[in-house]
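Peer 1: Provided herewith is a single structure, encoded as structure tokens, for subsequent inquiry.
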Amino acid sequence: MMSMSDKRVRIIRQLCVKRYRKRPTAEKILAVIYDNGLNIYAEDGKIRPKKVMIEAMAKALNTL
């Protein structure tokens with residue numbers, strides 16, 4: 001069974017392929033993460049709640 005972090009990484013990879021079509025740089029990957037709300041830490045430096053992360057992953061998955 002895949003963990004939440006594995007699912008998050010797969011979604012990020014799929015979004016990068018959809019958006020850039022080739023091997024993305026770190027800056028492009030970070031842009032995809034922040035545009036879709038898939039970041040682990042909030043702006044105040046605290047870890048985001050699991051529920052919020054799952055909702056962001058579901059929303060990003062629907063855009064694929």
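Chain identifiers are assigned as A, B, and so on, following the order in which chains appear in the structure tokens; residues are numbered from 1 within each chain, and ligands are numbered from 1 in order of appearance.
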Skipping near chain neighbours, those fewer than 5 positions away, what residues fall within 10 Å of Lys18 of chain A using only C-alpha atoms, listed as a ChimeraX atom specification?
Peer 2: /A:12-13,63-64
Peer 1: May I have the residues from that selection written out with N, CA, C and O atoms, as a PDB file, in the first residue's frame?
Peer 2:
```
ATOM      1  N   ILE A  12       2.500  15.013  -8.135  1.00  0.00           N
ATOM      2  CA  ILE A  12       3.384  16.098  -8.554  1.00  0.00           C
ATOM      3  C   ILE A  12       4.065  15.749  -9.874  1.00  0.00           C
ATOM      4  O   ILE A  12       4.153  16.579 -10.777  1.00  0.00           O
ATOM      5  N   ARG A  13       4.526  14.525 -10.026  1.00  0.00           N
ATOM      6  CA  ARG A  13       5.171  14.096 -11.273  1.00  0.00           C
ATOM      7  C   ARG A  13       4.204  14.179 -12.445  1.00  0.00           C
ATOM      8  O   ARG A  13       4.559  14.642 -13.531  1.00  0.00           O
ATOM      9  N   THR A  63      -7.651  17.808 -11.629  1.00  0.00           N
ATOM     10  CA  THR A  63      -7.196  18.652 -12.732  1.00  0.00           C
ATOM     11  C   THR A  63      -6.460  17.848 -13.807  1.00  0.00           C
ATOM     12  O   THR A  63      -6.225  18.371 -14.895  1.00  0.00           O
ATOM     13  N   LEU A  64      -6.077  16.624 -13.485  1.00  0.00           N
ATOM     14  CA  LEU A  64      -5.344  15.808 -14.478  1.00  0.00           C
ATOM     15  C   LEU A  64      -6.246  15.284 -15.548  1.00  0.00           C
ATOM     16  O   LEU A  64      -7.210  14.948 -15.654  1.00  0.00           O
TER      17      LEU A  64
END
```
Peer 1: Can you pull out every residue within 12 Å of Lys59 of chain A, counting only C-alpha atoms, but drop anything in the same chain fewer than 5 positions away, and send it as JSON, numbers by chain?
Peer 2: {"A": [8, 11, 15, 35, 36, 37, 38, 52, 53, 54, 64]}
Peer 1: Could you state the separation of atom CA of Ala31 of chain A and atom CA of Met1 of chain A in Å, given to one decimal place?
Peer 2: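 Separation between atom CA of Ala31 of chain A and atom CA of Met1 of chain A: 28.2 Å.
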Peer 1: Which residue is closest to Gln14 of chain A? Choose from A:Lys50, A:Glu55, A:Met2, A:Leu61 and count only C-alpha atoms.
Peer 2: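 Looking only at the distances to Gln14 of chain A, the closest residue turns out to be A:Leu61.
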Peer 1: Atom CA of Ser3 of chain A to atom CA of Met57 of chain A: how many Å, to one decimal?
Peer 2: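 Atom CA of Met57 of chain A lies 12.9 Å from atom CA of Ser3 of chain A.
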Peer 1: From a DSSP pass on the backbone, collect the residues of chain A flagged as helix (DSSP H, G or I) and hand them back as a ChimeraX atom specification.
Peer 2: /A:4-20,26-35,50-63
